[in-house]
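What follows is a short report on a single structure.
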Amino acid sequence: MNNCLVPRLAVIGVGLIGGSLALALKAAGAVREVVGIGRGRVNLDKALELGVIDRATQDIAAGVRDADLVFLATPVLSLTDVAASAAAHMKPGAILTDGGSVKAWVARAIEPLLPEGVHFVAGHPIAGTEKSGAEAAFATLFQGRRCILTPTAHTDVGALDLVRRVWEVAGSEVVLMDVEKHDRILAAISHLPHMVAYSLVNAVGSYDRYEENILEYSAGGFRDFTRIASSDPTMWRDIALTNRDALLEMMERCEAFFSELKEDVRRGETDKLYEFFLRSKELRDAIVK
């Protein structure tokens with residue numbers, strides 16, 4: 001394998017993100033062996049059956065012992081404990097990295113845990129679906145997507161370069177960004193939309209004017225808009241708690257615009273409603289272009 005970047009990769013949390021990274025690197029010939037680590041034996045067996053991983057273990061220490069790169073793909077609030085268990089058994093020169101949606105909290109929590117010679121690179125692939133588990137993984141998930149790496153003053157340059165190349169081989173455009181900037185941007189473009197989708201489904205699902213469940217009447221628009229409300233509740237609970245300040249700022253901003261719209265509807269403000277919708281349409285159309 002002349003293209004091999006990582007002789008041995010350990011993935012802790014073999015689901016959509018961790019499994020897809022393993023498959024992408026396998027497809028590119030960039031890894032020789034993938035060790036899958038997780039709590040659930042059924043999911044690990046499925047990952048083995050599907051060829052996502054080459055070996056499986058529920059023992060973190062055994063799984064990471066000889067790994068060159070360890071990828072953390074577990075919910076954000078679990079990352080500290082998982083990283084502590086992994087880092088203590090990693091060999092000198094090995095690299096620990098993650099795919100969490102929150103970066104400032106993660107970097108602050110994990111960097112103090114690293115033993116001498118073990119490096120950490122915080123990262124976030126901007127990709128995903130509402131599905132989870134090893135069966136959801138596919139090799140092209142990261143093709144044409146961005147992956148944000150958020151080095152700090154403590155990040156080893158060589159480790160950063162290797163992780164950058166790993167994500168490029170997986171098909172991503174790699175962007176380097178400050179951790180705080182990352183969290184505020186993601187609060188706006190990812191975390192807030194999920195909060196809105198969860199709230200909308202709860203609001204409509206609890207509507208009790210009629211005896212039947214009106215969600216049964218939902219068509220394409222509602223289902224497309226709320227698709228992300230099918231995402232993993234544990235993951236989104238953790239994101240809401242660890243990116244709280246940035247998320248609250250965006251939720252309050254959204255509330256202000258919603259209040260403006262509500263008042264325009266209440267008062268029958270024809271021109272204001274048109275301008276509100278037109279402004280939104282132009283902003284949305286610009287994203288597509």
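By order of appearance in the structure tokens: chains A, B, ..., then residues from 1 within every chain, and ligands from 1 in the order shown.
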>> DSSP on the backbone, strand (DSSP E or B) only: what residues of range 98-179 of chain A does that give? Format it as a list in words.
In response: Asp98, His119, Phe120, Val121, Gly123, His124, Pro125, Arg146, Cys147, Ile148, Leu149, Glu173, Val174, Val175 and Leu176 of chain A
Could the residues in this selection be saved with N, CA and C atoms as a tab-separated table (two decimals), in the first residue's frame?
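File selection.tsv, as written:
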```
chain	number	residue	atom	x	y	z
A	98	ASP	N	-10.61	13.66	16.98
A	98	ASP	CA	-12.04	13.43	17.23
A	98	ASP	C	-12.88	14.02	16.11
A	119	HIS	N	-0.20	13.04	20.89
A	119	HIS	CA	-0.67	14.32	20.36
A	119	HIS	C	-2.18	14.30	20.13
A	120	PHE	N	-2.80	15.47	20.27
A	120	PHE	CA	-4.25	15.60	20.03
A	120	PHE	C	-4.51	16.66	18.98
A	121	VAL	N	-5.37	16.33	18.03
A	121	VAL	CA	-5.81	17.27	17.00
A	121	VAL	C	-7.34	17.27	17.01
A	123	GLY	N	-10.98	18.00	15.65
A	123	GLY	CA	-11.53	18.15	14.32
A	123	GLY	C	-13.03	17.93	14.28
A	124	HIS	N	-13.62	18.35	13.17
A	124	HIS	CA	-15.06	18.19	12.98
A	124	HIS	C	-15.40	18.06	11.50
A	125	PRO	N	-15.69	16.86	11.02
A	125	PRO	CA	-16.15	16.70	9.65
A	125	PRO	C	-17.59	17.21	9.52
A	146	ARG	N	-16.67	19.68	3.88
A	146	ARG	CA	-15.58	20.31	4.61
A	146	ARG	C	-15.31	19.56	5.90
A	147	CYS	N	-14.06	19.58	6.31
A	147	CYS	CA	-13.68	19.12	7.64
A	147	CYS	C	-12.91	20.25	8.29
A	148	ILE	N	-13.37	20.68	9.44
A	148	ILE	CA	-12.73	21.79	10.15
A	148	ILE	C	-11.80	21.22	11.22
A	149	LEU	N	-10.53	21.60	11.16
A	149	LEU	CA	-9.57	21.26	12.20
A	149	LEU	C	-9.29	22.52	13.01
A	173	GLU	N	-12.55	18.83	2.03
A	173	GLU	CA	-11.78	20.07	1.97
A	173	GLU	C	-11.50	20.47	3.41
A	174	VAL	N	-10.23	20.55	3.78
A	174	VAL	CA	-9.87	20.82	5.17
A	174	VAL	C	-9.70	22.33	5.39
A	175	VAL	N	-10.32	22.81	6.45
A	175	VAL	CA	-10.25	24.22	6.83
A	175	VAL	C	-9.71	24.29	8.26
A	176	LEU	N	-8.75	25.17	8.51
A	176	LEU	CA	-8.24	25.40	9.86
A	176	LEU	C	-8.96	26.59	10.46
```
> Using only C-alpha atoms, which residues sit within 12 Å of Arg108 in chain A once same-chain residues fewer than 2 positions away are excluded, as a PyMOL selection string?
Replying inline: chain A and resi 79-80+102-106+110-114+120-122+150-154+179-180+242
What would the file look like if the residues just selected were written as a compact mmCIF listing (two decimals), in the first residue's frame with N, CA, C and O atoms?
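File produced: selection_15.txt:
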```
# COMPACT_ATOMS: atom_id res chain seq x y z
N LEU A 79 -16.57 12.17 25.56
CA LEU A 79 -15.23 12.24 24.98
C LEU A 79 -14.12 12.33 26.03
O LEU A 79 -13.05 11.75 25.86
N THR A 80 -14.37 13.04 27.13
CA THR A 80 -13.32 13.19 28.14
C THR A 80 -12.94 11.85 28.74
O THR A 80 -11.75 11.49 28.81
N VAL A 102 -18.53 20.10 18.76
CA VAL A 102 -18.14 21.22 19.63
C VAL A 102 -16.64 21.12 19.85
O VAL A 102 -16.12 20.04 20.13
N LYS A 103 -15.93 22.22 19.74
CA LYS A 103 -14.48 22.14 19.76
C LYS A 103 -13.82 22.81 20.96
O LYS A 103 -12.84 22.29 21.48
N ALA A 104 -14.30 23.95 21.42
CA ALA A 104 -13.64 24.61 22.55
C ALA A 104 -13.71 23.74 23.79
O ALA A 104 -12.70 23.52 24.48
N TRP A 105 -14.87 23.23 24.10
CA TRP A 105 -15.06 22.37 25.28
C TRP A 105 -14.20 21.12 25.15
O TRP A 105 -13.55 20.70 26.12
N VAL A 106 -14.18 20.52 23.97
CA VAL A 106 -13.43 19.29 23.75
C VAL A 106 -11.93 19.52 23.93
O VAL A 106 -11.24 18.75 24.61
N ILE A 110 -9.67 17.65 26.80
CA ILE A 110 -8.79 16.54 26.42
C ILE A 110 -7.31 16.87 26.51
O ILE A 110 -6.50 16.03 26.92
N GLU A 111 -6.90 18.08 26.13
CA GLU A 111 -5.46 18.39 26.09
C GLU A 111 -4.73 18.13 27.41
O GLU A 111 -3.61 17.60 27.39
N PRO A 112 -5.33 18.43 28.57
CA PRO A 112 -4.61 18.15 29.83
C PRO A 112 -4.45 16.66 30.13
O PRO A 112 -3.67 16.30 31.02
N LEU A 113 -5.17 15.81 29.42
CA LEU A 113 -5.13 14.38 29.70
C LEU A 113 -4.00 13.65 28.99
O LEU A 113 -3.72 12.49 29.29
N LEU A 114 -3.33 14.33 28.04
CA LEU A 114 -2.38 13.64 27.17
C LEU A 114 -1.06 13.35 27.87
O LEU A 114 -0.43 14.25 28.44
N PHE A 120 -2.80 15.47 20.27
CA PHE A 120 -4.25 15.60 20.03
C PHE A 120 -4.51 16.66 18.98
O PHE A 120 -3.95 17.76 19.03
N VAL A 121 -5.37 16.33 18.03
CA VAL A 121 -5.81 17.27 17.00
C VAL A 121 -7.34 17.27 17.01
O VAL A 121 -7.96 16.25 16.72
N ALA A 122 -7.93 18.39 17.37
CA ALA A 122 -9.39 18.49 17.41
C ALA A 122 -9.94 18.74 16.02
O ALA A 122 -9.41 19.57 15.27
N THR A 150 -9.24 22.36 14.34
CA THR A 150 -9.13 23.54 15.21
C THR A 150 -7.89 23.42 16.10
O THR A 150 -7.99 23.14 17.30
N PRO A 151 -6.71 23.64 15.53
CA PRO A 151 -5.49 23.55 16.33
C PRO A 151 -5.44 24.63 17.40
O PRO A 151 -5.98 25.73 17.23
N THR A 152 -4.79 24.30 18.49
CA THR A 152 -4.57 25.26 19.57
C THR A 152 -3.06 25.50 19.69
O THR A 152 -2.27 24.95 18.93
N ALA A 153 -2.68 26.28 20.68
CA ALA A 153 -1.25 26.56 20.90
C ALA A 153 -0.49 25.29 21.26
O ALA A 153 0.74 25.24 21.16
N HIS A 154 -1.21 24.24 21.69
CA HIS A 154 -0.56 23.00 22.12
C HIS A 154 -0.49 21.95 21.01
O HIS A 154 0.09 20.88 21.21
N VAL A 179 -11.01 27.59 17.69
CA VAL A 179 -12.06 26.79 18.33
C VAL A 179 -13.32 27.61 18.63
O VAL A 179 -14.45 27.13 18.42
N GLU A 180 -13.15 28.83 19.11
CA GLU A 180 -14.32 29.65 19.45
C GLU A 180 -15.11 30.03 18.20
O GLU A 180 -16.35 30.01 18.19
N THR A 242 -22.70 21.47 25.78
CA THR A 242 -21.29 21.85 25.69
C THR A 242 -21.05 23.07 24.81
O THR A 242 -19.97 23.66 24.86
```
> Using only C-alpha atoms, which residues sit within 10 Å of Gly51 in chain A once same-chain residues fewer than 5 positions away are excluded, as a ChimeraX atom specification?
Replying inline: /A:19,22-23,26,34,45-46,134
>> When you count only C-alpha atoms, which of these residues is closest to Pro233 in chain A: A:Thr155, A:Thr270, A:Ser132, A:Asn43?
In response: A:Ser132
>> Give me, as a ChimeraX atom specification, all polymer residues having an atom no more than 12 Å from Lys262 in chain A, counting only C-alpha atoms and skipping those fewer than 5 positions away in the same chain.
In response: /A:255-257,267-269,272-273,276
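Of the residues listed (A:Ala30, A:Met235, A:Ala286, A:Leu248), A:Leu248 shows the shortest atom-to-atom separation from Ala187 in chain A; distances use only C-alpha atoms.
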>> Using only C-alpha atoms, which protein or nucleic acid residues come within 10 Å of Val14 in chain A? Drop anything in the same chain fewer than 6 positions from it, and give the result as a ChimeraX atom specification.
In response: /A:20-22,35-40,43-44,46-47,52-53,56,71-74,132-137
Restrict the selected residues to N, CA and C atoms and save them as a CSV table (one decimal), in the first residue's frame.
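Printed below is out_38.csv as written:
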```
chain,number,residue,atom,x,y,z
A,20,SER,N,-17.6,5.5,8.5
A,20,SER,CA,-17.4,6.1,7.2
A,20,SER,C,-16.0,6.5,7.0
A,21,LEU,N,-15.3,7.0,8.0
A,21,LEU,CA,-13.9,7.4,7.9
A,21,LEU,C,-13.1,6.1,7.6
A,22,ALA,N,-13.4,5.1,8.4
A,22,ALA,CA,-12.6,3.8,8.2
A,22,ALA,C,-12.8,3.3,6.7
A,35,VAL,N,-9.1,-1.1,13.7
A,35,VAL,CA,-9.6,-1.7,14.9
A,35,VAL,C,-10.8,-1.0,15.4
A,36,GLY,N,-11.9,-1.7,15.5
A,36,GLY,CA,-13.1,-1.0,16.0
A,36,GLY,C,-13.3,-1.2,17.5
A,37,ILE,N,-13.6,-0.2,18.2
A,37,ILE,CA,-13.8,-0.2,19.7
A,37,ILE,C,-15.1,0.3,20.0
A,38,GLY,N,-15.9,-0.4,20.9
A,38,GLY,CA,-17.2,0.1,21.3
A,38,GLY,C,-17.7,-0.7,22.4
A,39,ARG,N,-18.8,-0.2,23.0
A,39,ARG,CA,-19.5,-0.9,24.1
A,39,ARG,C,-20.4,-2.0,23.6
A,40,GLY,N,-21.0,-1.8,22.5
A,40,GLY,CA,-22.0,-2.8,22.0
A,40,GLY,C,-21.4,-3.9,21.1
A,43,ASN,N,-23.2,-4.2,17.5
A,43,ASN,CA,-22.7,-3.2,16.5
A,43,ASN,C,-21.3,-3.5,16.0
A,44,LEU,N,-20.4,-4.0,16.9
A,44,LEU,CA,-19.1,-4.3,16.4
A,44,LEU,C,-19.1,-5.5,15.5
A,46,LYS,N,-21.5,-6.4,13.6
A,46,LYS,CA,-22.1,-5.9,12.3
A,46,LYS,C,-21.0,-5.2,11.5
A,47,ALA,N,-20.2,-4.4,12.2
A,47,ALA,CA,-19.1,-3.7,11.5
A,47,ALA,C,-18.1,-4.6,10.9
A,52,VAL,N,-16.3,-2.9,7.7
A,52,VAL,CA,-16.0,-1.6,8.1
A,52,VAL,C,-14.7,-1.6,8.9
A,53,ILE,N,-14.5,-2.6,9.7
A,53,ILE,CA,-13.3,-2.8,10.6
A,53,ILE,C,-12.7,-4.2,10.3
A,56,ALA,N,-12.2,-6.2,16.3
A,56,ALA,CA,-13.1,-5.6,17.2
A,56,ALA,C,-12.8,-5.9,18.6
A,71,PHE,N,-9.3,7.6,16.5
A,71,PHE,CA,-10.3,8.5,16.1
A,71,PHE,C,-11.5,8.3,17.1
A,72,LEU,N,-11.8,9.4,17.8
A,72,LEU,CA,-13.0,9.4,18.8
A,72,LEU,C,-14.2,9.8,18.1
A,73,ALA,N,-15.2,8.9,18.0
A,73,ALA,CA,-16.5,9.2,17.4
A,73,ALA,C,-17.6,8.8,18.3
A,74,THR,N,-17.6,9.3,19.5
A,74,THR,CA,-18.6,9.1,20.5
A,74,THR,C,-19.3,10.4,20.9
A,132,SER,N,-27.7,6.2,12.2
A,132,SER,CA,-26.5,5.9,13.1
A,132,SER,C,-26.2,4.4,13.1
A,133,GLY,N,-25.1,4.0,13.7
A,133,GLY,CA,-24.7,2.6,13.8
A,133,GLY,C,-23.8,2.3,12.6
A,134,ALA,N,-23.1,1.1,12.7
A,134,ALA,CA,-22.2,0.7,11.7
A,134,ALA,C,-22.8,0.5,10.3
A,135,GLU,N,-24.1,0.1,10.3
A,135,GLU,CA,-24.8,-0.1,9.1
A,135,GLU,C,-25.0,1.2,8.3
A,136,ALA,N,-25.0,2.3,9.0
A,136,ALA,CA,-25.2,3.6,8.3
A,136,ALA,C,-23.9,4.1,7.6
A,137,ALA,N,-22.8,3.5,7.9
A,137,ALA,CA,-21.5,4.0,7.3
A,137,ALA,C,-21.4,3.8,5.9
```
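Taking CA of Val166 in chain A as the reference point, CA of Leu141 in chain A is found at 14.0 Å.
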>> Nearest residue to Ser190 in chain A out of A:Met250, A:Leu215, A:Met177, A:Val163, using only C-alpha atoms?
In response: A:Met250
